[in-house]
Amino acid sequence: MRAALVLVFVLSRAAALACPRPMLTELPLTKDGATLVKGGGVVMHVVAGGGRGGDFESEGGGALFDGAQALQARTDYLAPGLTVLVPPAQSGRTIEMRNRGGERLLALVQGDVAPKHLAPKLARVTSTLTAAQARRSDVRRGPYGGAVGQFTIELAGGPPADVLALVLYTAGNDDAGIAYALPQPGQKAYTFGFGGKNCGGLGAGQLAQGTKVHAAWVDESGRLSILGKSIAVTAAPAPKP
């Protein structure tokens, strides 16, 4: 878990050295009482704020336990600020997530194998950033500096009931998403801002027109769905007068 937070801190410093000193708080998205299917874990996300302040401090987070025994869990990175804490698989076992003070945050049951969700179907992805603007953007400020703009993901349907997040990938880079969203029931459209001064380093990376992208759901056990087909990003519609 610490490794994931260190990555966020590095991005934060590269984004804008003149930023105020943000507090980063890591919180579980997986709910208390959830069943973690085989290979799954606890979905965590990092948010800015909620702490005492200081120089890029971190709070929240936690560790997984089987009774008094701490479990050697791995941390899977999904997107900036979104990770999964995966314990060793053992069907039928009840485990707990506890905070740094030893207080129980979640009680979870490790389950058996279950099918993955089908891929989210991208209907359209649009961006205000042209390929030429992306090439001219100031790369010295890192992936969260440079040109300012926004992109919108439009899906053909809403999320399955147990989905916690939607992750967007650029084609050929399936190991790290560039952005994630927390879907609401029935939600089909998601808009992200990028570029400029991003003090937390937690926002989306810039996405230029012509880039090919695809997406995946993240279920309550932190497993990615089948990856969807790639589509090309098109120009955002002109704002209405």
# chains A, B, ... in the order shown; residues from 1 in each chain; ligands from 1

call {"tool": "residues_around", "arguments": {"residues": "region 128-138 of chain A", "least_positions_apart": "6", "cutoff": "12 Å", "atoms": "only C-alpha atoms", "output": "ChimeraX atom specification"}}
result
/A:15,144-152,191-196,205-211,233-239

call {"tool": "write_last_selection", "arguments": {"atoms": "C-alpha atoms", "output": "PDB file, in the first residue's frame"}}
result
ATOM      1  CA  ALA A  15       2.708  18.258 -11.266  1.00  0.00           C
ATOM      2  CA  TYR A 144      -0.662  16.282 -15.013  1.00  0.00           C
ATOM      3  CA  GLY A 145       0.775  19.530 -16.397  1.00  0.00           C
ATOM      4  CA  GLY A 146       0.633  20.973 -19.874  1.00  0.00           C
ATOM      5  CA  ALA A 147      -2.491  21.731 -21.865  1.00  0.00           C
ATOM      6  CA  VAL A 148      -5.740  22.193 -19.961  1.00  0.00           C
ATOM      7  CA  GLY A 149      -8.920  20.534 -21.187  1.00  0.00           C
ATOM      8  CA  GLN A 150     -11.469  17.832 -20.593  1.00  0.00           C
ATOM      9  CA  PHE A 151     -12.667  14.562 -22.056  1.00  0.00           C
ATOM     10  CA  THR A 152     -15.977  12.733 -21.781  1.00  0.00           C
ATOM     11  CA  THR A 191     -16.383  13.862 -17.719  1.00  0.00           C
ATOM     12  CA  PHE A 192     -12.764  14.411 -16.598  1.00  0.00           C
ATOM     13  CA  GLY A 193     -10.657  17.560 -16.458  1.00  0.00           C
ATOM     14  CA  PHE A 194      -6.899  17.449 -17.011  1.00  0.00           C
ATOM     15  CA  GLY A 195      -3.763  19.593 -17.176  1.00  0.00           C
ATOM     16  CA  GLY A 196      -2.739  22.801 -15.465  1.00  0.00           C
ATOM     17  CA  GLY A 205      -3.942  12.322 -17.574  1.00  0.00           C
ATOM     18  CA  GLN A 206      -4.443  14.377 -20.727  1.00  0.00           C
ATOM     19  CA  LEU A 207      -6.188  12.600 -23.604  1.00  0.00           C
ATOM     20  CA  ALA A 208      -5.843  13.878 -27.166  1.00  0.00           C
ATOM     21  CA  GLN A 209      -8.144  13.431 -30.116  1.00  0.00           C
ATOM     22  CA  GLY A 210      -7.164  10.452 -32.273  1.00  0.00           C
ATOM     23  CA  THR A 211      -5.937   8.381 -29.317  1.00  0.00           C
ATOM     24  CA  VAL A 233     -11.186   9.767 -29.311  1.00  0.00           C
ATOM     25  CA  THR A 234     -13.016  12.408 -31.352  1.00  0.00           C
ATOM     26  CA  ALA A 235     -13.381  16.165 -30.994  1.00  0.00           C
ATOM     27  CA  ALA A 236     -15.640  17.437 -28.256  1.00  0.00           C
ATOM     28  CA  PRO A 237     -18.757  19.194 -29.559  1.00  0.00           C
ATOM     29  CA  ALA A 238     -18.594  22.971 -29.618  1.00  0.00           C
ATOM     30  CA  PRO A 239     -20.196  24.576 -26.550  1.00  0.00           C
TER      31      PRO A 239
END

call {"tool": "residues_around", "arguments": {"residues": "Val37 (chain A)", "least_positions_apart": "4", "cutoff": "6 Å", "atoms": "only C-alpha atoms", "output": "list in words"}}
result
Gly111, Asp112 and Val113 of chain A

call {"tool": "select_by_dssp", "arguments": {"residues": "region 66-223 of chain A", "states": "strand (DSSP E)", "output": "mmCIF file with C-alpha atoms, in the first residue's frame"}}
result
data_model
loop_
_atom_site.group_PDB
_atom_site.id
_atom_site.type_symbol
_atom_site.label_atom_id
_atom_site.label_comp_id
_atom_site.auth_asym_id
_atom_site.auth_seq_id
_atom_site.Cartn_x
_atom_site.Cartn_y
_atom_site.Cartn_z
ATOM 1 C CA ASP A 66 -6.654 -13.259 9.802
ATOM 2 C CA GLN A 69 -2.015 -12.631 12.072
ATOM 3 C CA ALA A 70 -1.222 -9.905 9.562
ATOM 4 C CA ARG A 74 0.061 -7.368 -2.512
ATOM 5 C CA THR A 75 -0.997 -4.014 -3.919
ATOM 6 C CA ASP A 76 -2.258 -3.896 -7.512
ATOM 7 C CA TYR A 77 -2.184 -0.478 -9.207
ATOM 8 C CA LEU A 78 -5.190 0.277 -11.446
ATOM 9 C CA ALA A 79 -5.113 4.052 -12.092
ATOM 10 C CA LEU A 82 -6.915 3.622 -7.350
ATOM 11 C CA THR A 83 -5.397 0.363 -6.050
ATOM 12 C CA VAL A 84 -6.450 -3.080 -4.803
ATOM 13 C CA LEU A 85 -5.066 -4.728 -1.644
ATOM 14 C CA VAL A 86 -5.087 -8.465 -2.479
ATOM 15 C CA THR A 94 -13.149 -14.370 7.298
ATOM 16 C CA ILE A 95 -10.587 -11.564 7.377
ATOM 17 C CA GLU A 96 -10.524 -8.008 8.632
ATOM 18 C CA MET A 97 -9.079 -4.716 7.470
ATOM 19 C CA ARG A 98 -7.740 -2.660 10.372
ATOM 20 C CA ARG A 104 -11.502 -2.735 12.553
ATOM 21 C CA LEU A 105 -12.629 -1.044 9.353
ATOM 22 C CA LEU A 106 -14.068 -3.990 7.402
ATOM 23 C CA ALA A 107 -14.994 -7.629 7.971
ATOM 24 C CA LEU A 108 -14.797 -9.632 4.738
ATOM 25 C CA VAL A 109 -15.289 -13.212 3.584
ATOM 26 C CA GLN A 110 -13.021 -14.766 0.970
ATOM 27 C CA LEU A 122 -17.844 2.660 -25.250
ATOM 28 C CA ALA A 123 -20.325 4.572 -27.404
ATOM 29 C CA ARG A 124 -18.170 7.690 -27.774
ATOM 30 C CA VAL A 125 -15.133 9.369 -26.189
ATOM 31 C CA THR A 126 -14.560 13.045 -26.933
ATOM 32 C CA SER A 127 -11.819 15.489 -25.937
ATOM 33 C CA GLY A 149 -8.920 20.534 -21.187
ATOM 34 C CA GLN A 150 -11.469 17.832 -20.593
ATOM 35 C CA PHE A 151 -12.667 14.562 -22.056
ATOM 36 C CA THR A 152 -15.977 12.733 -21.781
ATOM 37 C CA ILE A 153 -16.671 8.998 -21.855
ATOM 38 C CA GLU A 154 -20.108 7.921 -23.072
ATOM 39 C CA LEU A 155 -21.216 4.308 -22.571
ATOM 40 C CA VAL A 163 -19.338 -2.260 -9.844
ATOM 41 C CA LEU A 164 -17.238 0.208 -7.843
ATOM 42 C CA ALA A 165 -15.240 1.939 -10.565
ATOM 43 C CA LEU A 166 -14.764 2.463 -14.289
ATOM 44 C CA VAL A 167 -11.145 2.604 -15.530
ATOM 45 C CA LEU A 168 -10.069 4.090 -18.874
ATOM 46 C CA TYR A 169 -6.966 2.834 -20.708
ATOM 47 C CA THR A 170 -5.121 3.993 -23.778
ATOM 48 C CA ALA A 179 -8.332 7.820 -15.170
ATOM 49 C CA TYR A 180 -11.108 6.260 -13.135
ATOM 50 C CA ALA A 181 -14.643 7.207 -12.133
ATOM 51 C CA ALA A 189 -21.489 9.626 -19.191
ATOM 52 C CA TYR A 190 -18.334 10.620 -17.289
ATOM 53 C CA THR A 191 -16.383 13.862 -17.719
ATOM 54 C CA PHE A 192 -12.764 14.411 -16.598
ATOM 55 C CA GLY A 193 -10.657 17.560 -16.458
ATOM 56 C CA PHE A 194 -6.899 17.449 -17.011
ATOM 57 C CA LYS A 212 -7.467 4.901 -29.094
ATOM 58 C CA VAL A 213 -8.936 3.964 -25.724
ATOM 59 C CA HIS A 214 -10.845 1.168 -24.050
ATOM 60 C CA ALA A 215 -12.325 0.637 -20.600
ATOM 61 C CA ALA A 216 -12.989 -1.913 -17.857
ATOM 62 C CA TRP A 217 -15.264 -2.188 -14.842
ATOM 63 C CA VAL A 218 -13.848 -2.816 -11.355
ATOM 64 C CA ASP A 219 -16.103 -5.029 -9.225
#

call {"tool": "closest_residue", "arguments": {"among": "A:Leu36, A:Leu29, A:Ala204, A:Ala232", "to": "Ile178 (chain A)", "atoms": "only C-alpha atoms"}}
result
A:Ala204

call {"tool": "closest_residue", "arguments": {"among": "A:Gly102, A:Leu27, A:Asn173, A:Gly40", "to": "Ala114 (chain A)", "atoms": "only C-alpha atoms"}}
result
A:Gly40

call {"tool": "atom_distance", "arguments": {"atom1": "CA of Pro28 (chain A)", "atom2": "CA of Leu64 (chain A)"}}
result
12.0 Å

call {"tool": "select_by_dssp", "arguments": {"residues": "region 16-216 of chain A", "states": "helix (DSSP H, G or I)", "output": "PyMOL selection string"}}
result
chain A and resi 131-136+139-141
